[in-house]
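The next block is structure10.txt, given as compact mmCIF, C-alpha atoms.
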# COMPACT_ATOMS: atom_id res chain seq x y z
CA MET A 295 -1.50 25.82 12.35
CA HIS A 296 -4.47 24.15 14.04
CA ILE A 297 -4.80 20.99 16.07
CA THR A 298 -8.01 18.97 16.06
CA ILE A 299 -9.29 16.72 18.82
CA LEU A 300 -10.72 13.83 16.85
CA GLY A 301 -13.94 11.95 17.52
CA ARG A 302 -14.70 8.44 18.70
CA GLN A 303 -13.25 6.94 15.51
CA PRO A 304 -10.25 9.18 14.82
CA ALA A 305 -9.30 7.63 11.48
CA LEU A 306 -12.53 8.87 9.92
CA GLY A 307 -11.80 12.37 11.21
CA VAL A 308 -8.33 12.32 9.67
CA ALA A 309 -9.72 10.99 6.38
CA GLU A 310 -12.14 13.93 6.34
CA LEU A 311 -9.29 16.39 6.97
CA GLU A 312 -7.14 14.83 4.24
CA GLN A 313 -9.90 15.14 1.67
CA LEU A 314 -10.63 18.75 2.62
CA TYR A 315 -7.09 20.08 3.01
CA GLY A 316 -4.80 17.58 1.28
CA ALA A 317 -2.45 14.97 2.73
CA ASP A 318 0.50 17.39 2.56
CA ASN A 319 -1.27 19.77 4.96
CA VAL A 320 -2.50 17.25 7.52
CA ARG A 321 -0.57 14.96 9.84
CA TRP A 322 -1.28 12.80 12.84
CA PHE A 323 0.04 14.28 16.09
CA SER A 324 -1.21 11.56 18.43
CA GLN A 325 -3.75 8.75 18.21
CA GLN A 326 -6.55 11.20 19.05
CA THR A 327 -5.30 14.43 17.44
CA ALA A 328 -4.18 15.78 14.07
CA LEU A 329 -2.45 18.94 12.86
CA VAL A 330 -3.81 20.97 9.95
CA ASP A 331 -1.70 23.61 8.20
CA SER A 332 -4.10 25.48 5.94
CA PRO A 333 -5.30 29.10 5.79
CA ASP A 334 -8.71 27.73 4.77
CA PHE A 335 -9.22 25.69 7.95
CA ASP A 336 -12.84 25.96 9.10
CA PHE A 337 -13.79 23.94 12.16
CA GLU A 338 -17.51 24.58 11.70
CA THR A 339 -17.58 22.49 8.52
CA LEU A 340 -16.21 19.34 10.18
CA GLY A 341 -18.08 16.29 11.36
CA GLY A 342 -15.25 14.12 12.68
CA SER A 343 -13.52 16.49 15.12
CA GLN A 344 -14.85 17.28 18.59
CA LYS A 345 -12.71 20.39 19.12
CA ALA A 346 -10.01 22.37 17.38
CA GLY A 347 -7.53 24.99 18.44
CA ARG A 348 -5.04 27.47 17.02
CA VAL A 349 -1.53 26.39 18.01
CA VAL A 350 0.19 29.03 20.13
CA LEU A 351 3.18 27.03 21.37
CA GLU A 352 4.94 23.84 20.28
CA LEU A 353 7.75 22.25 22.32
CA ASP A 354 10.05 19.43 21.20
CA ARG A 355 9.82 17.70 24.58
CA GLY A 356 8.07 18.23 27.86
CA ASN A 357 5.72 17.00 30.56
CA TRP A 358 2.74 18.52 32.35
CA LEU A 359 4.96 20.59 34.63
CA THR A 360 6.66 22.11 31.57
CA ALA A 361 3.32 22.91 29.94
CA SER A 362 1.82 24.27 33.15
CA ARG A 363 4.67 26.70 33.70
CA GLN A 364 4.40 27.99 30.16
CA ILE A 365 0.63 28.42 30.46
CA VAL A 366 0.74 30.26 33.78
CA GLN A 367 3.52 32.59 32.69
CA HIS A 368 1.94 33.42 29.32
CA TYR A 369 -1.70 33.89 30.30
CA ALA A 370 -1.07 35.64 33.62
CA ALA A 371 0.76 38.28 31.60
CA LYS A 372 -1.67 38.33 28.68
CA TRP A 373 -4.81 38.84 30.81
CA ARG A 374 -3.30 41.03 33.52
CA ALA A 375 -4.79 44.21 32.04
CA SER A 376 -8.09 42.70 30.88
CA GLU A 377 -11.15 44.85 31.56
CA HIS A 378 -13.47 41.85 31.20
CA LYS A 379 -13.94 38.71 33.24
CA ILE A 380 -12.18 35.71 31.74
CA THR A 381 -13.81 32.27 31.54
CA LEU A 382 -11.15 29.58 31.29
CA GLY A 383 -11.23 25.86 30.65
CA ILE A 384 -8.13 23.67 30.39
CA SER A 385 -8.13 20.29 28.66
CA ALA A 386 -5.18 17.92 28.68
CA TYR A 387 -4.68 15.05 26.24
CA GLY A 388 -2.00 12.35 26.35
CA PHE A 389 -0.88 13.02 29.93
CA LYS A 390 -0.85 10.64 32.89
CA ILE A 391 -2.05 13.21 35.41
CA SER A 392 -5.10 13.83 37.56
CA PRO A 393 -7.88 16.39 37.12
CA ARG A 394 -6.48 18.08 40.22
CA ASP A 395 -3.21 18.75 38.37
CA VAL A 396 -5.13 20.50 35.58
CA GLN A 397 -7.19 22.54 38.04
CA LYS A 398 -4.07 23.57 39.91
CA THR A 399 -2.73 25.22 36.74
CA GLY A 400 -5.93 27.19 36.31
CA LEU A 401 -5.97 28.21 39.97
CA LEU A 402 -2.41 29.54 39.72
CA ILE A 403 -3.47 31.78 36.82
CA LYS A 404 -6.55 32.86 38.76
CA LYS A 405 -4.46 33.82 41.79
CA LYS A 406 -1.99 35.86 39.75
CA LEU A 407 -4.80 37.68 37.95
CA ARG A 408 -6.68 38.37 41.17
CA ASP A 409 -3.59 40.10 42.52
CA SER A 410 -3.70 42.42 39.47
CA GLY A 411 -7.45 43.03 39.68
CA THR A 412 -8.60 40.74 36.85
CA SER A 413 -11.45 38.30 37.49
CA LEU A 414 -11.28 34.74 36.15
CA ARG A 415 -13.89 31.97 36.26
CA LEU A 416 -12.33 28.51 36.01
CA ILE A 417 -14.45 25.69 34.55
CA PRO A 418 -14.21 22.65 36.89
CA ASN A 419 -12.46 19.59 35.47
CA PRO A 420 -14.04 16.28 36.58
CA GLU A 421 -11.66 14.67 34.06
CA ILE A 422 -8.35 15.91 32.70
CA ALA A 423 -10.14 17.10 29.54
CA LEU A 424 -13.46 18.90 29.42
CA ASN A 425 -16.08 16.96 27.52
CA THR A 426 -17.56 18.46 24.37
CA ALA A 427 -20.79 19.37 26.13
CA ALA A 428 -18.99 21.44 28.76
CA SER A 429 -16.94 23.26 26.13
CA HIS A 430 -19.98 23.91 23.96
CA HIS A 431 -22.37 25.05 26.67
CA ASN A 432 -19.77 27.40 28.14
CA LYS A 433 -19.13 28.80 24.64
CA LEU A 434 -15.40 28.25 25.04
CA GLY A 435 -13.31 29.35 22.09
CA LEU A 436 -16.00 31.63 20.70
CA SER A 437 -14.74 34.94 22.09
CA PRO A 438 -11.47 36.40 23.45
CA THR A 439 -12.80 36.19 27.03
CA LYS A 440 -14.08 32.59 26.85
CA VAL A 441 -10.98 30.49 26.38
CA GLU A 442 -10.24 26.79 26.37
CA LEU A 443 -6.61 25.73 26.30
CA LEU A 444 -5.96 22.42 24.56
CA VAL A 445 -2.75 20.93 25.89
CA VAL A 446 -1.69 17.87 23.90
CA ARG A 447 1.24 15.52 24.42
CA ALA A 448 2.33 13.17 21.65
CA PRO A 449 3.81 9.71 22.32
CA ASN A 450 7.28 11.13 21.51
CA ASN A 451 6.75 13.76 24.28
CA ARG A 452 6.25 16.68 21.89
CA LEU A 453 3.90 19.26 23.40
CA ILE A 454 1.36 21.56 21.82
CA ILE A 455 -0.62 24.30 23.55
CA ALA A 456 -3.52 25.65 21.52
CA GLU A 457 -6.38 28.07 22.03
CA SER A 458 -9.72 26.52 21.12
CA VAL A 459 -11.69 27.89 18.19
CA GLY A 460 -14.81 26.04 19.29
CA ALA A 461 -16.34 22.67 20.12
CA GLN A 462 -18.76 20.56 18.15
CA ASN A 463 -22.22 22.12 18.30
CA ILE A 464 -23.99 19.18 19.91
CA THR A 465 -27.18 21.21 20.44
CA ALA A 466 -27.62 21.87 16.72
CA LEU A 467 -26.64 18.31 15.82
CA ALA A 468 -29.21 16.91 18.24
CA ALA A 469 -31.90 19.18 16.81
CA ARG A 470 -31.16 18.05 13.25
CA ASP A 471 -31.20 14.45 14.42
CA GLN A 472 -34.18 14.24 16.78
CA ALA A 473 -36.07 17.55 16.67
CA ARG A 474 -36.87 17.34 12.96
CA PRO A 475 -40.54 16.74 12.24
CA ARG A 476 -39.87 13.34 10.69
CA THR A 477 -37.56 10.52 11.78
CA ASP A 478 -37.81 6.79 11.22
CA ALA A 479 -35.70 4.41 13.29
CA PHE A 480 -36.77 1.44 11.15
CA VAL A 481 -34.89 2.70 8.07
CA GLY A 482 -31.85 3.63 10.16
CA MET A 483 -30.72 6.82 11.81
CA LEU A 484 -27.73 8.23 9.95
CA PRO A 485 -26.04 10.60 12.43
CA PRO A 486 -25.77 14.17 11.09
CA LYS A 487 -22.07 14.33 11.94
CA LEU A 488 -21.42 11.17 9.88
CA ALA A 489 -23.45 12.64 7.02
CA ARG A 490 -21.27 15.75 7.20
CA MET A 491 -18.10 13.66 7.21
CA MET A 492 -19.29 11.77 4.13
CA ILE A 493 -20.03 15.01 2.30
CA ASN A 494 -16.57 16.31 3.16
CA LEU A 495 -15.03 13.02 2.03
CA SER A 496 -16.42 13.67 -1.44
CA GLY A 497 -13.82 16.43 -1.52
CA ASP A 498 -15.40 18.37 -4.40
CA THR A 499 -16.32 21.99 -3.71
CA LYS A 500 -16.97 23.00 -7.31
CA PRO A 501 -20.43 24.29 -8.31
CA GLY A 502 -22.89 21.50 -8.95
CA ARG A 503 -25.37 19.32 -7.12
CA LEU A 504 -25.06 16.51 -4.66
CA TRP A 505 -27.37 13.54 -5.19
CA ASP A 506 -28.45 11.08 -2.50
CA PRO A 507 -30.24 8.18 -4.23
CA PHE A 508 -31.17 6.54 -0.87
CA CYS A 509 -32.17 9.78 0.84
CA GLY A 510 -34.43 8.34 3.55
CA THR A 511 -35.49 11.18 5.84
CA GLY A 512 -32.95 13.54 4.24
CA THR A 513 -30.01 13.66 6.67
CA VAL A 514 -27.33 13.90 3.95
CA LEU A 515 -29.42 16.47 2.09
CA GLN A 516 -29.80 18.72 5.13
CA GLU A 517 -26.09 18.66 6.00
CA ALA A 518 -25.14 19.38 2.39
CA ARG A 519 -27.52 22.33 2.20
CA LEU A 520 -26.09 23.75 5.42
CA LYS A 521 -22.70 23.70 3.67
CA GLY A 522 -24.17 25.69 0.77
CA ILE A 523 -24.62 22.79 -1.66
CA ASP A 524 -27.64 22.35 -3.95
CA VAL A 525 -29.09 18.84 -3.70
CA TYR A 526 -31.20 16.18 -5.32
CA GLY A 527 -32.70 13.44 -3.18
CA SER A 528 -34.53 10.31 -4.22
CA ASP A 529 -35.83 7.21 -2.53
CA LEU A 530 -37.75 4.06 -3.43
CA SER A 531 -40.33 4.78 -0.70
CA GLN A 532 -42.84 7.57 -1.26
CA LYS A 533 -43.14 7.74 2.53
CA MET A 534 -39.44 8.63 2.77
CA VAL A 535 -39.83 11.19 -0.01
CA ASP A 536 -42.64 12.82 1.96
CA TYR A 537 -40.63 12.70 5.20
CA ALA A 538 -37.52 14.17 3.58
CA THR A 539 -39.59 16.91 1.94
CA GLU A 540 -41.11 17.87 5.28
CA ASN A 541 -37.67 17.90 6.90
CA MET A 542 -36.28 20.13 4.15
CA GLN A 543 -39.11 22.58 4.68
CA TRP A 544 -38.37 22.56 8.42
CA LEU A 545 -34.69 23.24 7.65
CA ASP A 546 -35.65 26.18 5.43
CA ASN A 547 -37.73 27.71 8.20
CA LYS A 548 -35.14 27.12 10.93
CA TYR A 549 -31.95 28.17 9.15
CA ARG A 550 -33.19 30.45 6.34
CA ILE A 551 -30.75 28.91 3.87
CA ASN A 552 -30.64 29.36 0.11
CA PRO A 553 -29.30 26.15 -1.51
CA GLN A 554 -31.86 24.60 -3.82
CA TRP A 555 -33.33 21.16 -3.31
CA LYS A 556 -35.54 18.72 -5.12
CA ILE A 557 -36.72 15.32 -3.89
CA PHE A 558 -38.39 12.69 -6.03
CA GLN A 559 -39.47 9.06 -5.83
CA ALA A 560 -37.18 6.65 -7.68
CA ASP A 561 -35.64 3.19 -7.35
CA ALA A 562 -31.86 3.64 -7.21
CA THR A 563 -31.36 0.36 -9.10
CA ASP A 564 -33.21 1.54 -12.23
CA VAL A 565 -33.60 5.34 -11.91
CA LYS A 566 -33.11 7.28 -15.15
CA LEU A 567 -31.73 10.77 -14.70
CA ASN A 568 -32.87 13.52 -17.03
CA THR A 569 -30.46 15.69 -19.00
CA ALA A 570 -30.42 18.52 -16.44
CA GLN A 571 -29.74 16.13 -13.57
CA LYS A 572 -26.91 14.44 -15.43
CA SER A 573 -25.21 17.76 -16.13
CA GLU A 574 -25.61 19.15 -12.60
CA ILE A 575 -24.67 16.19 -10.40
CA ASN A 576 -20.99 16.26 -9.47
CA ARG A 577 -21.09 14.07 -6.38
CA VAL A 578 -23.13 11.16 -5.10
CA VAL A 579 -23.21 10.78 -1.32
CA CYS A 580 -25.47 8.20 0.27
CA GLU A 581 -26.03 5.49 2.81
CA ALA A 582 -27.01 2.54 0.63
CA TYR A 583 -29.21 -0.36 1.69
CA LEU A 584 -27.82 -1.81 4.95
CA GLY A 585 -30.16 -4.77 5.28
CA GLN A 586 -31.92 -5.70 8.46
CA PRO A 587 -30.55 -4.64 11.85
CA PHE A 588 -29.19 -7.23 14.25
CA SER A 589 -28.85 -7.08 18.03
CA ALA A 590 -26.38 -9.99 17.93
CA PRO A 591 -24.21 -11.47 15.16
CA PRO A 592 -26.45 -13.60 12.91
CA LYS A 593 -25.91 -17.28 12.16
CA PRO A 594 -23.77 -17.96 9.08
CA THR A 595 -26.74 -18.97 6.90
CA LYS A 596 -28.64 -15.80 7.82
CA LEU A 597 -25.59 -13.59 7.26
CA THR A 598 -25.02 -15.18 3.84
CA ALA A 599 -28.59 -14.41 2.79
CA VAL A 600 -28.58 -10.81 4.06
CA ARG A 601 -25.13 -10.13 2.66
CA GLY A 602 -26.16 -11.49 -0.73
CA ASN A 603 -29.29 -9.36 -0.84
CA CYS A 604 -27.42 -6.17 0.09
CA ASN A 605 -24.67 -6.94 -2.40
CA HIS A 606 -27.21 -7.46 -5.20
CA ILE A 607 -29.08 -4.20 -4.55
CA ILE A 608 -25.96 -2.03 -4.18
CA SER A 609 -24.29 -3.62 -7.22
CA GLN A 610 -27.38 -2.94 -9.31
CA PHE A 611 -27.42 0.66 -8.07
CA LEU A 612 -23.77 1.26 -8.96
CA ALA A 613 -24.12 -0.39 -12.35
CA ASN A 614 -27.27 1.58 -13.14
CA ILE A 615 -25.89 5.04 -12.40
CA ARG A 616 -22.41 4.50 -13.86
CA PRO A 617 -23.30 5.45 -17.49
CA GLN A 618 -25.46 8.34 -16.27
CA ILE A 619 -22.96 10.30 -14.16
CA ASN A 620 -20.12 12.52 -15.30
CA PRO A 621 -16.64 10.93 -15.43
CA SER A 622 -15.38 13.32 -12.73
CA THR A 623 -18.20 12.57 -10.26
CA ALA A 624 -17.08 11.76 -6.73
CA LEU A 625 -18.98 9.01 -4.92
CA VAL A 626 -19.06 8.41 -1.17
CA VAL A 627 -21.21 5.38 -0.40
CA ALA A 628 -21.82 3.84 3.02
CA VAL A 629 -22.35 0.09 2.68
CA PRO A 630 -22.87 -2.56 5.37
CA ALA A 631 -20.16 -4.67 7.02
CA TRP A 632 -21.05 -7.17 9.72
CA ARG A 633 -19.03 -7.61 12.91
CA ASP A 634 -18.82 -10.97 14.68
CA HIS A 635 -18.20 -11.72 18.36
CA SER A 636 -14.42 -11.49 17.89
CA GLY A 637 -14.63 -8.07 16.22
CA LYS A 638 -13.86 -9.39 12.73
CA PHE A 639 -15.81 -7.85 9.85
CA THR A 640 -17.53 -9.55 6.93
CA HIS A 641 -17.57 -7.26 3.88
CA LEU A 642 -19.62 -7.12 0.69
CA PRO A 643 -18.22 -9.12 -2.26
CA LEU A 644 -18.65 -6.10 -4.55
CA ILE A 645 -15.74 -4.35 -2.84
CA ASP A 646 -13.43 -6.72 -4.72
CA GLN A 647 -15.44 -6.34 -7.95
CA LEU A 648 -15.58 -2.55 -8.31
CA ALA A 649 -13.73 -2.54 -11.63
CA ASP A 650 -16.40 -4.83 -13.08
CA LEU A 651 -18.98 -2.23 -12.04
CA GLY A 652 -17.00 0.60 -13.65
CA TYR A 653 -15.36 2.16 -10.59
CA ARG A 654 -12.06 2.45 -8.80
CA ARG A 655 -11.65 2.90 -5.06
CA LEU A 656 -9.74 5.97 -3.90
CA HIS A 657 -7.01 5.23 -1.36
CA LEU A 658 -5.98 7.84 1.18
CA ASN A 659 -2.43 8.50 2.36
CA LEU A 660 -3.08 8.92 6.09
CA VAL A 661 -5.77 6.28 6.65
CA SER A 662 -6.13 2.72 5.38
CA ASP A 663 -9.26 1.38 3.70
CA GLU A 664 -9.83 -0.91 6.69
CA GLN A 665 -10.15 2.12 8.98
CA LEU A 666 -13.04 3.67 7.04
CA LEU A 667 -15.65 1.96 9.19
CA TYR A 668 -18.23 3.70 11.35
CA TYR A 669 -19.81 1.72 14.20
CA ARG A 670 -20.66 1.91 17.85
CA GLN A 671 -19.67 -0.47 20.61
CA ASN A 672 -21.64 -3.72 20.42
CA GLN A 673 -23.15 -2.71 17.07
CA VAL A 674 -23.29 -5.60 14.59
CA VAL A 675 -23.96 -3.74 11.33
CA ALA A 676 -21.24 -1.20 10.63
CA ARG A 677 -21.10 1.37 7.86
CA GLU A 678 -18.13 0.90 5.57
CA ILE A 679 -17.32 4.10 3.68
CA LEU A 680 -16.34 3.64 0.04
CA LEU A 681 -14.66 6.53 -1.80
CA LEU A 682 -15.16 5.90 -5.51
CA LYS A 683 -14.49 7.43 -8.91
CA PRO A 684 -15.66 6.23 -12.34
CA LEU A 685 -12.96 4.16 -14.03
CA ASP A 686 -12.74 6.35 -17.13
CA GLU A 687 -12.06 9.57 -15.23
CA ASN A 688 -9.39 11.60 -16.96

Translate this structure into structure tokens?
Amino acid sequence: MHITILGRQPALGVAELEQLYGADNVRWFSQQTALVDSPDFDFETLGGSQKAGRVVLELDRGNWLTASRQIVQHYAAKWRASEHKITLGISAYGFKISPRDVQKTGLLIKKKLRDSGTSLRLIPNPEIALNTAASHHNKLGLSPTKVELLVVRAPNNRLIIAESVGAQNITALAARDQARPRTDAFVGMLPPKLARMMINLSGDTKPGRLWDPFCGTGTVLQEARLKGIDVYGSDLSQKMVDYATENMQWLDNKYRINPQWKIFQADATDVKLNTAQKSEINRVVCEAYLGQPFSAPPKPTKLTAVRGNCNHIISQFLANIRPQINPSTALVVAVPAWRDHSGKFTHLPLIDQLADLGYRRLHLNLVSDEQLLYYRQNQVVAREILLLKPLDEN
């Protein structure tokens, strides 16, 4: 059993887990954490979880004092005979305690180990939980002597103590976001971790190719290839095709990966796939046209015009590719939704017209459709994630 510490928008992280491991093997533990019971769990493939840990102890009820006693007793005994220096971080979630309380637990272990001749370095806690950067840069969870304990309390007072298996690799994510040779803020900057989540939401791991018909600078393509997936990319703009091609070449040189890729210029609203492409594509993952960016909610007349334009382009795209893709193809499409000053979202009309376009929307068990929105604070244009299947799928 593993527990995951979910990201800024936890529902998206749980949706990703459900698609990868099945609803029967995933459950919410708290608002910020989820449990995964699968022998195939692989934290490195995830985009929506900041950390994950292997559960070592689960208690029906308890508080921080209960957890602290268990931790000190267990790890003072476990590391007493260690020949190597231990690096320890402790992160608490769901507790109303101070960072000093967390540090005190670590210091008690350190004192007991010092008495037995074992050296321990305790990572300082400015907050009750170490941030992802601290966990990552200290390589916690990546070896038996670099340990982060994740101590999580649910609203019903259940307690879990887990040993971290790693934290999100923010260094690599930043490199694939900003250190690539080509980026373009004007066309939008799809975060690599969101691209990875969208790929995982497609849920299909069978042999085949992923196609991104709005590939831009190639963020979805690069994350798919890092997961071992062959890809096609296309874009209306030859400039984007050139940028994505350069970024794929950079990825090849940096990571020495094998998955095949091909990028070509095409308008997603009237592209015609050839026979080989039709037979190979088994998932479509893309960020569709989001319209113009806004720094503040637009006036109603402006929103109506932008919404109508986006709806027209994306509807044409979906209608165009429907007869060209296999009936079992999974589609994960990010479309725009606009947030007003009160936090209410305006959605595309096509969401209520999917059957007319030849699709059905997949509904998850653990997350509602309304929760599949990705946005940052004060951001007007959100990405609404649609999980689709062709209507005539068997």

Edge lengths and centre in Å to one decimal, as lines of an AutoDock Vina configuration file, of the axis-aligned box that encloses all listed atoms of region 357-367 of chain A with 3 Å added on every side?
center_x = 3.6
center_y = 24.8
center_z = 32.3
size_x = 12.0
size_y = 21.6
size_z = 10.7

Among the residues A:Gly342, A:Gly356, A:Pro617, A:Pro587, the one that comes closest to Asn451 (chain A) [using all atoms listed in the file]:
A:Gly356

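Distance-wise, CA of Val350 (chain A) and CA of Pro438 (chain A) end up 14.2 Å apart.
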
Neighbours of Ile403 (chain A) within 12 Å (only C-alpha atoms; same-chain residues fewer than 5 positions away dropped), as a list in words?
Ser362, Arg363, Gln364, Ile365, Val366, Gln367, His368, Tyr369, Ala370, Ala371, Lys372, Trp373, Arg374, Ile380, Thr381, Leu382, Gly383, Ile384, Val396, Gln397, Lys398, Arg408, Asp409, Ser410, Thr412, Ser413, Leu414, Arg415 and Leu416 of chain A

Between A:Gln516, A:Ser332, A:Asn541, A:Ser458, which residue has the minimum interatomic distance to Ser437 (chain A), considering all atoms listed in the file?
A:Ser458

Can you pull out every residue within 10 Å of Asp529 (chain A), counting all atoms listed in the file, but drop anything in the same chain fewer than 3 positions away, and send it as an MDAnalysis selection string?
chainID A and resid 506:512 532:536 538 557:562 565

Selection to disk with C-alpha atoms, as a tab-separated table (two decimals), in the coordinates of the input:
chain	number	residue	atom	x	y	z
A	506	ASP	CA	-28.45	11.08	-2.50
A	507	PRO	CA	-30.24	8.18	-4.23
A	508	PHE	CA	-31.17	6.54	-0.87
A	509	CYS	CA	-32.17	9.78	0.84
A	510	GLY	CA	-34.43	8.34	3.55
A	511	THR	CA	-35.49	11.18	5.84
A	512	GLY	CA	-32.95	13.54	4.24
A	532	GLN	CA	-42.84	7.57	-1.26
A	533	LYS	CA	-43.14	7.74	2.53
A	534	MET	CA	-39.44	8.63	2.77
A	535	VAL	CA	-39.83	11.19	-0.01
A	536	ASP	CA	-42.64	12.82	1.96
A	538	ALA	CA	-37.52	14.17	3.58
A	557	ILE	CA	-36.72	15.32	-3.89
A	558	PHE	CA	-38.39	12.69	-6.03
A	559	GLN	CA	-39.47	9.06	-5.83
A	560	ALA	CA	-37.18	6.65	-7.68
A	561	ASP	CA	-35.64	3.19	-7.35
A	562	ALA	CA	-31.86	3.64	-7.21
A	565	VAL	CA	-33.60	5.34	-11.91

What would the file be for region 607-618 of chain A if you keep N, CA and C atoms and write it as a PDB file, in the first residue's frame?
ATOM      1  N   ILE A 607     -13.775  26.062 -33.449  1.00  0.00           N
ATOM      2  CA  ILE A 607     -12.536  25.385 -33.848  1.00  0.00           C
ATOM      3  C   ILE A 607     -12.461  23.989 -33.245  1.00  0.00           C
ATOM      4  N   ILE A 608     -12.748  23.860 -31.953  1.00  0.00           N
ATOM      5  CA  ILE A 608     -12.624  22.555 -31.291  1.00  0.00           C
ATOM      6  C   ILE A 608     -13.699  21.592 -31.783  1.00  0.00           C
ATOM      7  N   SER A 609     -14.901  22.097 -32.043  1.00  0.00           N
ATOM      8  CA  SER A 609     -15.961  21.242 -32.600  1.00  0.00           C
ATOM      9  C   SER A 609     -15.571  20.718 -33.975  1.00  0.00           C
ATOM     10  N   GLN A 610     -15.026  21.596 -34.810  1.00  0.00           N
ATOM     11  CA  GLN A 610     -14.576  21.170 -36.128  1.00  0.00           C
ATOM     12  C   GLN A 610     -13.483  20.106 -36.033  1.00  0.00           C
ATOM     13  N   PHE A 611     -12.566  20.307 -35.090  1.00  0.00           N
ATOM     14  CA  PHE A 611     -11.489  19.338 -34.878  1.00  0.00           C
ATOM     15  C   PHE A 611     -12.047  17.970 -34.495  1.00  0.00           C
ATOM     16  N   LEU A 612     -12.953  17.947 -33.517  1.00  0.00           N
ATOM     17  CA  LEU A 612     -13.507  16.675 -33.055  1.00  0.00           C
ATOM     18  C   LEU A 612     -14.320  15.987 -34.153  1.00  0.00           C
ATOM     19  N   ALA A 613     -15.090  16.775 -34.892  1.00  0.00           N
ATOM     20  CA  ALA A 613     -15.884  16.199 -35.974  1.00  0.00           C
ATOM     21  C   ALA A 613     -14.993  15.658 -37.092  1.00  0.00           C
ATOM     22  N   ASN A 614     -13.897  16.354 -37.361  1.00  0.00           N
ATOM     23  CA  ASN A 614     -13.007  15.941 -38.444  1.00  0.00           C
ATOM     24  C   ASN A 614     -12.293  14.623 -38.147  1.00  0.00           C
ATOM     25  N   ILE A 615     -11.822  14.449 -36.919  1.00  0.00           N
ATOM     26  CA  ILE A 615     -11.029  13.253 -36.631  1.00  0.00           C
ATOM     27  C   ILE A 615     -11.886  12.051 -36.277  1.00  0.00           C
ATOM     28  N   ARG A 616     -13.165  12.283 -35.930  1.00  0.00           N
ATOM     29  CA  ARG A 616     -14.004  11.172 -35.468  1.00  0.00           C
ATOM     30  C   ARG A 616     -14.022   9.992 -36.446  1.00  0.00           C
ATOM     31  N   PRO A 617     -14.284  10.187 -37.751  1.00  0.00           N
ATOM     32  CA  PRO A 617     -14.322   9.024 -38.653  1.00  0.00           C
ATOM     33  C   PRO A 617     -12.942   8.459 -38.985  1.00  0.00           C
ATOM     34  N   GLN A 618     -11.878   9.138 -38.535  1.00  0.00           N
ATOM     35  CA  GLN A 618     -10.527   8.700 -38.888  1.00  0.00           C
ATOM     36  C   GLN A 618      -9.835   7.884 -37.803  1.00  0.00           C
TER      37      GLN A 618
END
